[in-house]
Amino acid sequence: MNKSGLVIRLAIVIVFTAIIVGLITTQLFYRFTFLNEQALGKQSINQLYQTVLPTASIAGYLGDKELTMEVVNGLITNDIITAAAIQTDTIMVKSDNFSQSKATLEYILFSPFQKERSVGTLFVEANEDYLRVKANNISETNTFVVAIEALIITVISILVTYFVITRPILSIGNALHLIRPGTTERIDKPRSHQKSEIGQLADDVNDLLAKTELQMLQEKSLRGEVQILESRFRMLFENAPSAIALVDPQGDILLYNHNFEQLIEKLKLPVKKKLW
Amino acid sequence: MGKFKRTIALLILTVCIFSVKAQEPLVIVVNKNNPVEQLSRSELIDLFMGKYVAFPNDVKAIPVELDGEQNIKIHFYKELVGMPLARVNAYWSRLRFTGRKRAAVFKSNEEDLIAFIMANDQTIGYLPESLITADLKVVYILNE
């Protein structure tokens with residue numbers, strides 16, 4: 001296969017483009033997915049907070065250790081929460097792995113009976129690893145899909161290029177190789193390219209062939225005419241009653257007729273024959 | 001006919017609303033021997049909702065309540081914590097599971113309630129303003 005052939009070149013371009021676009025898309029998608037998952041995680045945590053809020057606010061209000069523990073334990077059974085804690089005026093209940101950091105979400109708990117009276121704080125730590133793993137999984141699937149998509153597009157592009165462009169051009173080229181210029185032979189226009197650029201190319205080639213044929217015909221007839229003229233002139237020259245010779249400035253006889261030959265013989269003039 | 005029924009229903013509803021609006025203020029009372037002179041709303045809530053079982057002076061408190069779903073009781077909780085009685089009961093049901101006991105004593109009518117407060121120094125209860133006697137001390141007035 002031709003190394004600088006259209007198909008190879010196109011394949012290289014498409015494959016590289018697919019890889020670059022795929023990488024960029026995957027990276028972008030990963031970022032978006034991660035941010036999205038984080039937002040969803042926050043939303044889920046907010047929903048969980050809303051779910052435990054009535055119990056948590058009662059627990060905070062009463063400073064009841066059992067009830068507080070129940071809320072904390074309930075919260076950490078969720079995948080997206082690694083640790084939780086509730087602090088009230090009197091008690092602090094936290095899950096084993098709780099350590100307050102910047103990322104810790106804080107919710108103020110209000111008394112269930114007086115909405116403006118704060119009775120404690122609920123701390124929740126989101127499971128960033130879980131969110132990352134989830135985003136990774138989604139991204140992996142996406143990468144796989146993009147790769148498959150790129151592969152399919154590449155294969156289809158190559159096939160289309162080969163069957164629609166390269167093969168008709170090659171067939172035109174091959175037909176052109178077999179054609180003898182000046183004959184009535186013409187190349188066939190590919191069936192699927194009656195109106196396309198390749199069809200136009202075939203038309204142009206056929207036009208060129210027709211012009212060549214015409215020119216050759218003209219030349220042939222011209223040559224015939226010249227031949228007739230030449231033979232007539234020769235007859236006139238050969239059969240002229242006078243002796244005629246064509247002599248160059250050095251005295252070499254280039255051409256002479258029969259009468260000249262006879263004249264020389266009658267005059268017995270020596271003719272030196274020049275041997276080339 | 002339907003329209004007539006609806007009008008009646010509306011009328012009854014209006015009367016009900018007016019009767020609630022026109023209800024006399026509820027007062028929170030303690031035994032006159034109780035050294036507590038006044039309680040804040042928060043302290044009252046804490047006593048009746050089970051956060052504390054003692055008066056601010058650390059003396060044990062016994063809240064006295066009316067049984068069942070009497071109007072005064074409904075009114076009291078509506079005014080104190082802004083909740084219907086059903087939700088207050090749900091609150092207590094929830095607490096029962098954590099092993100917390102309700103310190104309140106229940107009486108079936110106002111007379112028994114007054115008698116119980118007069119007999120015990122540590123009690124606290126709620127009554128319509130008109131039922132106050134000389135042996136009771138008002139520490140808070142709801143819906144003034």
# chains A, B, ... in the order shown; residues from 1 in each chain; ligands from 1
>>> residues_around(residues="segment 70-72 of chain A", least_positions_apart="6", cutoff="8 Å", atoms="only C-alpha atoms", output="PDB file with C-alpha atoms, in the first residue's frame")
ATOM      1  CA  VAL A  52     -32.583  13.919  60.350  1.00  0.00           C
ATOM      2  CA  THR A  55     -34.718  14.251  65.428  1.00  0.00           C
ATOM      3  CA  ALA A  56     -31.420  16.148  65.478  1.00  0.00           C
ATOM      4  CA  ALA A  84     -20.627  13.147  61.742  1.00  0.00           C
ATOM      5  CA  ALA A  85     -20.912  14.863  65.079  1.00  0.00           C
ATOM      6  CA  ILE A  86     -23.403  16.853  67.101  1.00  0.00           C
ATOM      7  CA  VAL A  93     -21.292  13.203  70.361  1.00  0.00           C
ATOM      8  CA  LYS A  94     -19.120  12.218  67.407  1.00  0.00           C
ATOM      9  CA  SER A  95     -18.466   9.203  65.240  1.00  0.00           C
TER      10      SER A  95
END
>>> residues_around(residues="Thr17 of chain A", least_positions_apart="5", cutoff="10 Å", atoms="only C-alpha atoms", output="short mmCIF file (atom, residue, chain, number, x, y, z; two decimals) with N, CA and C atoms, in the first residue's frame")
data_model
loop_
_atom_site.label_atom_id
_atom_site.label_comp_id
_atom_site.auth_asym_id
_atom_site.auth_seq_id
_atom_site.Cartn_x
_atom_site.Cartn_y
_atom_site.Cartn_z
N ALA A 11 -6.19 8.32 7.42
CA ALA A 11 -6.29 7.49 8.62
C ALA A 11 -5.45 8.09 9.73
N ILE A 12 -4.21 8.50 9.39
CA ILE A 12 -3.33 9.06 10.41
C ILE A 12 -3.96 10.32 11.01
N GLY A 22 -10.50 12.98 21.93
CA GLY A 22 -10.92 12.04 22.97
C GLY A 22 -10.32 12.41 24.31
N LEU A 23 -9.00 12.71 24.32
CA LEU A 23 -8.32 13.06 25.58
C LEU A 23 -8.94 14.32 26.18
N ALA A 150 -14.77 6.97 18.53
CA ALA A 150 -13.66 7.41 17.68
C ALA A 150 -13.27 6.29 16.72
N THR A 154 -13.42 6.48 12.78
CA THR A 154 -12.19 6.30 12.00
C THR A 154 -12.40 5.25 10.92
#
>>> residues_around(residues="Leu131 of chain B", least_positions_apart="3", cutoff="12 Å", atoms="only C-alpha atoms", output="CSV table (one decimal) with N, CA and C atoms, in the first residue's frame")
chain,number,residue,atom,x,y,z
B,24,GLU,N,-60.1,33.5,76.5
B,24,GLU,CA,-59.4,34.3,77.5
B,24,GLU,C,-57.9,33.8,77.7
B,25,PRO,N,-57.1,34.7,78.1
B,25,PRO,CA,-55.6,34.3,78.2
B,25,PRO,C,-55.4,33.1,79.1
B,26,LEU,N,-54.4,32.3,78.8
B,26,LEU,CA,-54.0,31.2,79.7
B,26,LEU,C,-52.9,31.7,80.6
B,27,VAL,N,-53.0,31.3,81.8
B,27,VAL,CA,-51.9,31.7,82.7
B,27,VAL,C,-51.2,30.5,83.2
B,28,ILE,N,-49.9,30.6,83.5
B,28,ILE,CA,-49.1,29.5,84.0
B,28,ILE,C,-48.9,29.8,85.5
B,29,VAL,N,-49.3,28.8,86.3
B,29,VAL,CA,-49.3,29.1,87.7
B,29,VAL,C,-48.5,28.1,88.5
B,109,ASN,N,-59.5,17.2,85.1
B,109,ASN,CA,-60.2,18.5,84.9
B,109,ASN,C,-59.5,19.6,85.7
B,110,GLU,N,-59.9,20.8,85.4
B,110,GLU,CA,-59.2,22.0,86.0
B,110,GLU,C,-59.3,22.0,87.6
B,111,GLU,N,-60.4,21.5,88.1
B,111,GLU,CA,-60.6,21.5,89.6
B,111,GLU,C,-59.5,20.6,90.2
B,113,LEU,N,-56.7,19.8,88.9
B,113,LEU,CA,-55.4,20.4,88.6
B,113,LEU,C,-55.1,21.5,89.7
B,114,ILE,N,-56.1,22.3,89.9
B,114,ILE,CA,-55.9,23.4,90.9
B,114,ILE,C,-55.6,22.8,92.3
B,115,ALA,N,-56.4,21.8,92.6
B,115,ALA,CA,-56.2,21.1,93.9
B,115,ALA,C,-54.8,20.6,94.1
B,126,TYR,N,-51.1,25.0,83.9
B,126,TYR,CA,-51.7,26.2,83.2
B,126,TYR,C,-53.2,26.2,83.4
B,127,LEU,N,-53.8,27.4,83.4
B,127,LEU,CA,-55.3,27.5,83.6
B,127,LEU,C,-55.8,28.7,82.9
B,128,PRO,N,-57.1,28.8,82.6
B,128,PRO,CA,-57.7,30.0,82.1
B,128,PRO,C,-57.6,31.1,83.2
B,134,ALA,N,-56.4,32.5,95.1
B,134,ALA,CA,-55.4,33.2,95.9
B,134,ALA,C,-54.2,32.3,96.3
B,135,ASP,N,-54.4,31.0,96.2
B,135,ASP,CA,-53.4,30.1,96.5
B,135,ASP,C,-52.4,29.8,95.4
B,136,LEU,N,-52.7,30.4,94.3
B,136,LEU,CA,-51.8,30.2,93.1
B,136,LEU,C,-51.1,31.5,92.7
B,137,LYS,N,-49.9,31.2,92.2
B,137,LYS,CA,-49.1,32.4,91.7
B,137,LYS,C,-48.9,32.3,90.2
B,138,VAL,N,-49.2,33.4,89.6
B,138,VAL,CA,-49.0,33.5,88.1
B,138,VAL,C,-47.6,33.8,87.8
>>> select_by_dssp(residues="segment 31-270 of chain A", states="helix (DSSP H, G or I)", output="number ranges by chain")
A: 31-62, 65-76, 128-178, 191-193, 197-238, 258-267
>>> interface_residues(of="chain A", to="chain B", cutoff="10 Å", atoms="only C-alpha atoms", output="compact mmCIF listing (two decimals) with C-alpha atoms, in the first residue's frame")
# COMPACT_ATOMS: atom_id res chain seq x y z
CA PRO A 54 -36.46 16.93 63.37
CA THR A 55 -34.72 14.25 65.43
CA ILE A 58 -34.91 17.41 69.44
CA ALA A 59 -31.65 15.67 70.38
CA TYR A 61 -32.59 20.68 72.39
CA LEU A 62 -32.73 18.01 75.06
CA GLY A 63 -28.99 17.34 75.01
CA ASP A 64 -30.00 13.69 74.97
CA LYS A 65 -26.99 11.47 74.38
CA GLU A 66 -28.96 8.46 73.14
CA LEU A 67 -30.95 10.41 70.62
CA GLU A 70 -28.88 7.69 67.01
CA PRO A 112 -37.97 22.39 67.66
CA PHE A 113 -40.17 24.78 69.63
CA GLN A 114 -38.43 28.11 69.16
CA LYS A 115 -37.12 28.58 65.66
CA ARG A 117 -33.12 29.48 69.59
>>> atom_distance(atom1="atom CA of Thr121 of chain A", atom2="atom CA of Ile108 of chain A")
4.5 Å
>>> residues_around(residues="Ala147 of chain A", least_positions_apart="4", cutoff="12 Å", atoms="only C-alpha atoms", output="list in words")
Val15, Thr17, Ala18, Ile19, Ile20, Val21, Gly22, Leu23, Thr25, Thr26, Ser139, Glu140, Thr141, Asn142, Thr143, Leu151, Ile152, Ile153 and Thr154 of chain A
>>> select_by_dssp(residues="segment 43-270 of chain A", states="strand (DSSP E or B)", output="MDAnalysis selection string")
chainID A and resid 81:88 92:94 105:110 118:126 245:247 253:256
>>> residues_around(residues="Ile62 of chain B", least_positions_apart="2", cutoff="12 Å", atoms="only C-alpha atoms", output="PyMOL selection string")
chain B and resi 29-31+34+44+47-50+52-55+59-60+64-65+102-106+113+116-117+120-125
>>> write_last_selection(atoms="C-alpha atoms", output="JSON list (two decimals), in the first residue's frame")
[["chain", "number", "residue", "atom", "x", "y", "z"],
["B", 29, "VAL", "CA", -49.35, 29.09, 87.73],
["B", 30, "VAL", "CA", -47.31, 27.65, 90.59],
["B", 31, "ASN", "CA", -48.03, 27.11, 94.26],
["B", 34, "ASN", "CA", -42.92, 28.49, 95.38],
["B", 44, "LEU", "CA", -41.54, 27.31, 80.37],
["B", 47, "LEU", "CA", -40.10, 22.58, 81.69],
["B", 48, "PHE", "CA", -43.11, 21.42, 79.72],
["B", 49, "MET", "CA", -41.15, 19.79, 76.86],
["B", 50, "GLY", "CA", -38.90, 17.83, 79.19],
["B", 52, "TYR", "CA", -35.29, 20.41, 82.41],
["B", 53, "VAL", "CA", -37.12, 18.87, 85.31],
["B", 54, "ALA", "CA", -36.31, 21.67, 87.72],
["B", 55, "PHE", "CA", -37.10, 25.34, 88.24],
["B", 59, "VAL", "CA", -35.83, 22.85, 92.83],
["B", 60, "LYS", "CA", -37.50, 19.87, 91.21],
["B", 64, "VAL", "CA", -49.31, 19.29, 85.81],
["B", 65, "GLU", "CA", -51.26, 18.64, 82.65],
["B", 102, "ARG", "CA", -42.22, 12.36, 81.13],
["B", 103, "ALA", "CA", -42.23, 14.04, 84.49],
["B", 104, "ALA", "CA", -45.70, 15.51, 84.09],
["B", 105, "VAL", "CA", -48.67, 14.53, 86.22],
["B", 106, "PHE", "CA", -52.04, 14.29, 84.45],
["B", 113, "LEU", "CA", -55.43, 20.37, 88.63],
["B", 116, "PHE", "CA", -53.02, 19.30, 93.01],
["B", 117, "ILE", "CA", -51.06, 22.54, 92.57],
["B", 120, "ASN", "CA", -47.72, 20.54, 96.12],
["B", 121, "ASP", "CA", -45.09, 23.30, 96.25],
["B", 122, "GLN", "CA", -43.14, 22.02, 93.26],
["B", 123, "THR", "CA", -45.94, 21.91, 90.76],
["B", 124, "ILE", "CA", -46.53, 24.10, 87.73],
["B", 125, "GLY", "CA", -49.60, 24.11, 85.51]]
>>> residues_around(residues="Gly68 of chain B", least_positions_apart="5", cutoff="12 Å", atoms="only C-alpha atoms", output="compact mmCIF listing (two decimals) with N, CA and C atoms, in the first residue's frame")
# COMPACT_ATOMS: atom_id res chain seq x y z
N LYS B 73 -55.79 22.56 76.78
CA LYS B 73 -54.50 21.93 76.51
C LYS B 73 -54.06 22.23 75.08
N ILE B 74 -55.00 22.06 74.14
CA ILE B 74 -54.70 22.34 72.74
C ILE B 74 -54.24 23.78 72.59
N LEU B 85 -51.54 19.62 69.08
CA LEU B 85 -51.34 18.64 70.15
C LEU B 85 -50.81 17.32 69.62
N ALA B 86 -51.27 16.96 68.40
CA ALA B 86 -50.82 15.69 67.81
C ALA B 86 -49.31 15.66 67.67
N ASN B 89 -47.70 15.25 71.04
CA ASN B 89 -47.78 13.84 71.45
C ASN B 89 -46.77 12.99 70.70
N PHE B 106 -50.85 13.97 85.23
CA PHE B 106 -52.04 14.29 84.45
C PHE B 106 -53.30 14.34 85.33
N LYS B 107 -54.10 15.36 85.10
CA LYS B 107 -55.37 15.49 85.83
C LYS B 107 -56.50 15.61 84.79
N SER B 108 -57.68 15.07 85.21
CA SER B 108 -58.75 15.01 84.21
C SER B 108 -59.51 16.31 84.05
N ASN B 109 -59.48 17.22 85.05
CA ASN B 109 -60.17 18.50 84.89
C ASN B 109 -59.45 19.61 85.66
>>> residues_around(residues="segment 240-245 of chain A", least_positions_apart="2", cutoff="9 Å", atoms="only C-alpha atoms", output="list of chain:residue names")
A:Met235, A:Leu236, A:Phe237, A:Glu238, A:Val247, A:Ile253, A:Leu254, A:Leu255, A:Tyr256, A:Asn257, A:His258, A:Asn259, A:Phe260, A:Glu261, A:Gln262, A:Leu263
